[in-house]
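Student: Structure provided below as structure tokens; questions to follow.
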Amino acid sequence: MADTTITRSSVSNSTSISSFLNMLREDYMPRSDDWLHSDAGPTQKLVMGRKKGDLGGKKTLTAAFTARPQGIGFTTEGYDFPNASASSSQQPEILPKEIATRHRLTFESQQIARKSVAAFAKPKAEEMRLLREELALRYQRNLQAGPYDVIGRVASQIGGSPWTTTMSPRNARRYTASLFFASGTHYMRTNMAIQLLDASAGGLISSASSGTHALLNATPNTAMTVSSVDDSNPASPTFTPSADPDVSAGATDPGLAYSGGEDAAVGDLIIAHGSRIDANANLISTGAPVSATRAISEYHSMNGLGNINTDTTLYTALFGLDRTVETSPALRGIVDHNSGTQRDFTDRLVEYFVTRMKVVSGNSPSKLLLECFTFQEVTREFRNLRQFSPIIGRAGVKDPAVVLNDLTLPYVDDWNILPGLLWGIHPDAYEYWEWYPLQSPDEASSRWVNNKAIIEFILMKGGNVFCPTPWRVGLIDDIAFDTTALRA
């Protein structure tokens, strides 16, 4: 809050500002722009832009062939016909997923700002606008990460108040199960509700062998929140949680608690609160999914590029099917990585990626989606090939694309996705299946909180993303980049 105390020197025998201070009104400049980034980027348009149909019932099933009949062979006089063989198929599942926003306003907060001269904005209208923008950003992050819904990776934590936690910086991100989601505090916001995954107990990959979903929250309905975020040192970004993470299992303290009451450790993952089932939710007996393929029903978040475009490094199952078996190549995206070792971007990497996709699937991506700092590596590669107009005198890059014979792949940059990779996107490969559009669950747009002069607003949206042809999409990863400086 601004300090309204004004100190002025008096001017002898004159009507000065100091002497006339109580007769002056306060004057305000136009309202400042919000600090929050409201642009959700192009990822949503590319992945959710094609509405395919409506979800209903317990789940939606589709079908896909995994092998064609091969009863084909040359023969000649007196020889037997080729042995007959049948095709094989699987039934991918699409489960509806829901996301909700909730906000409360006191009756008094609306009354005090009823006249425009008393406030910069109307509380109700502005809060709902901000909620919608945050909802779009939330969707964008989920559409990239997939059901794991990881916000970042822990590097270390200082024991004792205020339990400051250092996150693995964005520059550490690589194509490995441990470092893929290293995002610093890029996706963290003050007051964001979070949970912690124990890396030593299975963490990222939930399966029957891990014995637990590895959730470190004491209770599923009490959220640990982010009290503050500090990214002043990009090499060691930190955040401060709202409560002591070192509490005993089953305690009611909203800390990051689990058996043994240990602090967060290197490799642990921060996820959005409530994005998956844990043992305390009483929905499953132990907190562990029956298998990796059945975990589809135990993640509350939608499908996204993270599980559709990738291979088995991150997600061992897709759409309820085991993608690790050799009979399921159609469930794996085309991935070109360097096992976690960075390499400079070259157009040859794109050529190899597209050629490999053509050989495997007969198709190719139509766009290359990349983060802004990764985009700098693309322009760095072609720096010496730029042409300048002698009349206009403009310099820079506009509508860059890679041309491979008759194929033109435009680069599309998105500020809010993971750096160091290029998603191979084909918008026609993704389908959004809607359960219900964004709406209030109430007949009216708001509800009164029981026995309070408080109005509550809830918005909900249901649906999920499906891709019938994961072999038509993929990614190039382990591209050298730097989010803190320009690379030479």
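Residue numbers start at 1 in each chain; chains themselves are named A, B, ... in the order of the structure tokens; ligands are numbered from 1 in the order shown.
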List the neighbours of region 188-192 of chain A out to 6 Å using only C-alpha atoms; skip same-chain residues closer than 6 positions along the sequence, and give me the result as a PyMOL selection string.

Tutor: chain A and resi 225-228

Student: Mind checking which residues fall within 9 Å of region 43-47 of chain A, counting only C-alpha atoms, ignoring those fewer than 5 positions away in the same chain, and posting them as a PDB file with C-alpha atoms, in the first residue's frame?

Tutor:
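Now in part_19.pdb:
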ATOM      1  CA  ALA A 136      -6.095 -19.962 -19.674  1.00  0.00           C
ATOM      2  CA  TYR A 139      -4.681 -24.853 -19.319  1.00  0.00           C
ATOM      3  CA  GLN A 140      -1.597 -23.913 -21.308  1.00  0.00           C
ATOM      4  CA  LEU A 143      -1.485 -28.940 -22.335  1.00  0.00           C
ATOM      5  CA  GLN A 144       2.297 -29.024 -22.348  1.00  0.00           C
ATOM      6  CA  GLY A 304      -1.167 -32.831 -23.473  1.00  0.00           C
ATOM      7  CA  LEU A 305       1.982 -32.676 -25.538  1.00  0.00           C
ATOM      8  CA  LEU A 369       6.414 -24.986 -31.612  1.00  0.00           C
ATOM      9  CA  ASP A 414       5.344 -19.480 -27.221  1.00  0.00           C
ATOM     10  CA  ASN A 416       5.199 -20.152 -21.676  1.00  0.00           C
ATOM     11  CA  ILE A 417       6.470 -23.572 -22.763  1.00  0.00           C
ATOM     12  CA  ILE A 425       2.938 -30.180 -34.178  1.00  0.00           C
ATOM     13  CA  HIS A 426       0.229 -31.174 -36.613  1.00  0.00           C
ATOM     14  CA  PRO A 427      -2.970 -29.402 -35.485  1.00  0.00           C
ATOM     15  CA  ASP A 428      -5.149 -31.928 -37.317  1.00  0.00           C
ATOM     16  CA  ALA A 429      -3.654 -34.694 -35.176  1.00  0.00           C
ATOM     17  CA  TYR A 430      -5.167 -33.331 -31.946  1.00  0.00           C
ATOM     18  CA  GLU A 431      -8.819 -33.495 -31.027  1.00  0.00           C
ATOM     19  CA  TYR A 432     -10.566 -31.762 -28.158  1.00  0.00           C
ATOM     20  CA  VAL A 465      -7.510 -33.929 -25.498  1.00  0.00           C
TER      21      VAL A 465
END

Student: For a test of reading the model, state the distance in Å between CA of Thr238 (chain A) and CA of Ala485 (chain A), rounded to one decimal.

Tutor: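 We find that CA of Thr238 (chain A) and CA of Ala485 (chain A) lie 19.5 Å from each other.
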
Student: Between A:Val150, A:Leu131, A:Val402, A:Leu105, which is the closest to Leu418 (chain A) once you count only C-alpha atoms?

Tutor: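 Checking each of A:Val150, A:Leu131, A:Val402, A:Leu105 against Leu418 (chain A), counting only C-alpha atoms, the winner is A:Val150.
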
Student: Check the smallest atom-to-atom distance from each of A:Pro237, A:Gly73, A:Pro437, A:Gly306 to Arg153 (chain A) using only C-alpha atoms, then report the winner.

Tutor: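 Of A:Pro237, A:Gly73, A:Pro437, A:Gly306, the one nearest Arg153 (chain A), counting only C-alpha atoms, is A:Pro237.
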
Student: Quote the spacing between CA of Ile99 (chain A) and CA of Arg138 (chain A) in Å to one decimal place.

Tutor: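 According to the coordinates, CA of Ile99 (chain A) and CA of Arg138 (chain A) are separated by 9.3 Å.
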
Student: What does the distance between CA of Asp442 (chain A) and CA of Ile458 (chain A) come to in Å, to one decimal place?

Tutor: 8.1 Å

Student: Excluding Trp433 (chain A) and its own-chain neighbours fewer than 4 positions away, which residues fall within 7 Å of it when counting only C-alpha atoms? Please give them as a list in words.

Tutor: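 Within the cut-off, the hits are Lys51, Lys52, Gly53, Asp54, Leu55, Gly463, Asn464 and Val465 of chain A.
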
Student: Keeping only N, CA and C atoms, take the residues you just selected and write them out as a PDB file, in the first residue's frame.

Tutor:
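As written to disk, selection17.pdb reads:
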ATOM      1  N   LYS A  51     -12.371 -29.070 -32.165  1.00  0.00           N
ATOM      2  CA  LYS A  51     -13.325 -29.800 -31.338  1.00  0.00           C
ATOM      3  C   LYS A  51     -13.879 -30.969 -32.138  1.00  0.00           C
ATOM      4  N   LYS A  52     -13.689 -32.172 -31.600  1.00  0.00           N
ATOM      5  CA  LYS A  52     -14.070 -33.372 -32.325  1.00  0.00           C
ATOM      6  C   LYS A  52     -15.478 -33.830 -31.983  1.00  0.00           C
ATOM      7  N   GLY A  53     -15.809 -33.857 -30.689  1.00  0.00           N
ATOM      8  CA  GLY A  53     -17.113 -34.369 -30.303  1.00  0.00           C
ATOM      9  C   GLY A  53     -17.362 -34.134 -28.831  1.00  0.00           C
ATOM     10  N   ASP A  54     -18.344 -34.829 -28.299  1.00  0.00           N
ATOM     11  CA  ASP A  54     -18.742 -34.660 -26.909  1.00  0.00           C
ATOM     12  C   ASP A  54     -18.452 -35.933 -26.124  1.00  0.00           C
ATOM     13  N   LEU A  55     -17.973 -35.763 -24.895  1.00  0.00           N
ATOM     14  CA  LEU A  55     -17.745 -36.879 -23.993  1.00  0.00           C
ATOM     15  C   LEU A  55     -19.001 -37.159 -23.188  1.00  0.00           C
ATOM     16  N   GLY A 463     -13.596 -31.709 -20.203  1.00  0.00           N
ATOM     17  CA  GLY A 463     -13.234 -32.241 -21.511  1.00  0.00           C
ATOM     18  C   GLY A 463     -11.859 -32.871 -21.458  1.00  0.00           C
ATOM     19  N   ASN A 464     -11.335 -33.257 -22.590  1.00  0.00           N
ATOM     20  CA  ASN A 464      -9.987 -33.833 -22.641  1.00  0.00           C
ATOM     21  C   ASN A 464      -9.476 -33.800 -24.075  1.00  0.00           C
ATOM     22  N   VAL A 465      -8.173 -33.944 -24.202  1.00  0.00           N
ATOM     23  CA  VAL A 465      -7.510 -33.929 -25.498  1.00  0.00           C
ATOM     24  C   VAL A 465      -7.182 -35.363 -25.908  1.00  0.00           C
TER      25      VAL A 465
END

Student: Could you write out, as a PyMOL selection string, all the residues of region 44-154 of chain A that DSSP marks as strand (DSSP E)?

Tutor: chain A and resi 51-54+60-61+64-67+88-90+93-94+97-106+150-154

Student: Just want the 12 Å neighbourhood of Phe382 (chain A), counted on only C-alpha atoms, with same-chain residues fewer than 5 positions away dropped. Output as a list of chain:residue names.

Tutor: A:Phe345, A:Thr346, A:Asp347, A:Phe375, A:Gln376, A:Glu377, A:Gln387, A:Gly396, A:Val397, A:Pro400, A:Ala401, A:Val402

Student: For the residues in that selection, give me N, CA and C atoms as a CSV table (one decimal), in the first residue's frame.

Tutor:
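Result file again-v9.csv:
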chain,number,residue,atom,x,y,z
A,345,PHE,N,21.6,-26.1,-32.0
A,345,PHE,CA,20.6,-26.2,-33.0
A,345,PHE,C,21.2,-26.1,-34.4
A,346,THR,N,20.8,-27.0,-35.3
A,346,THR,CA,21.1,-26.8,-36.7
A,346,THR,C,19.8,-27.2,-37.5
A,347,ASP,N,19.7,-26.7,-38.7
A,347,ASP,CA,18.6,-27.2,-39.6
A,347,ASP,C,18.7,-28.6,-39.9
A,375,PHE,N,13.8,-20.1,-29.6
A,375,PHE,CA,13.7,-19.4,-30.9
A,375,PHE,C,15.0,-18.6,-31.2
A,376,GLN,N,15.6,-18.1,-30.2
A,376,GLN,CA,16.8,-17.3,-30.4
A,376,GLN,C,17.9,-18.2,-30.9
A,377,GLU,N,17.9,-19.5,-30.6
A,377,GLU,CA,18.9,-20.5,-31.1
A,377,GLU,C,18.6,-20.7,-32.6
A,387,GLN,N,18.7,-11.2,-44.8
A,387,GLN,CA,18.7,-10.2,-45.9
A,387,GLN,C,18.0,-9.0,-45.4
A,396,GLY,N,16.0,-8.0,-38.6
A,396,GLY,CA,15.3,-8.9,-37.7
A,396,GLY,C,14.8,-10.2,-38.4
A,397,VAL,N,13.8,-10.8,-37.8
A,397,VAL,CA,13.3,-12.0,-38.3
A,397,VAL,C,11.8,-12.0,-38.4
A,400,PRO,N,9.8,-16.9,-39.7
A,400,PRO,CA,10.8,-17.9,-40.1
A,400,PRO,C,10.2,-19.3,-40.3
A,401,ALA,N,10.8,-20.1,-41.2
A,401,ALA,CA,10.3,-21.4,-41.5
A,401,ALA,C,11.5,-22.2,-42.1
A,402,VAL,N,11.4,-23.5,-41.9
A,402,VAL,CA,12.4,-24.4,-42.6
A,402,VAL,C,11.7,-25.0,-43.8

Student: Quick one: everything within 9 Å of Thr313 (chain A), counting only C-alpha atoms, minus sequence neighbours fewer than 6 positions away in the same chain. Send it as number ranges by chain.

Tutor: A: 175-177

Student: Output the selection as a compact mmCIF listing (two decimals), in the first residue's frame - C-alpha atoms for each residue.

Tutor:
# COMPACT_ATOMS: atom_id res chain seq x y z
CA TYR A 175 15.25 -34.81 -22.00
CA THR A 176 15.48 -37.12 -19.01
CA ALA A 177 12.79 -38.27 -16.59

Student: So, with only C-alpha atoms as the atoms that count, which of A:Arg50, A:Lys358, A:Arg348, A:His273 lies closest to Val378 (chain A)?

Tutor: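 Selected residue with least distance to Val378 (chain A): A:Arg348.
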
Student: Rank nothing, just name the residue among A:Leu459, A:Phe466, A:Phe81, A:Pro365 nearest to Ser446 (chain A), using only C-alpha atoms.

Tutor: A:Leu459

Student: Please provide as a CSV table (one decimal) with C-alpha atoms, in the first residue's frame all residues within 7 Å of region 264-267 of chain A, with the sequence filter that same-chain residues fewer than 6 positions apart are discarded (counting only C-alpha atoms).

Tutor:
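Saved file selection-v1.csv follows:
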chain,number,residue,atom,x,y,z
A,153,ARG,CA,11.8,-29.7,-9.8
A,154,VAL,CA,13.3,-29.2,-6.3
A,155,ALA,CA,17.1,-28.7,-6.1
A,156,SER,CA,17.3,-28.2,-2.3
A,157,GLN,CA,15.5,-27.0,0.8
A,178,SER,CA,14.6,-36.3,-13.8
A,199,ALA,CA,11.2,-38.7,-6.2

Student: Between A:Thr484, A:Thr62, A:Gln70, A:Ser361, which has the minimum distance to Ser88 (chain A) (counting only C-alpha atoms)?

Tutor: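 Checking each of A:Thr484, A:Thr62, A:Gln70, A:Ser361 against Ser88 (chain A), counting only C-alpha atoms, the winner is A:Gln70.
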
Student: Leaving out Leu438 (chain A) and any residue of its chain fewer than 6 positions from it, which residues lie within 8 Å of it when counting only C-alpha atoms, given as a VMD selection string?

Tutor: chain A and resid 459 to 462
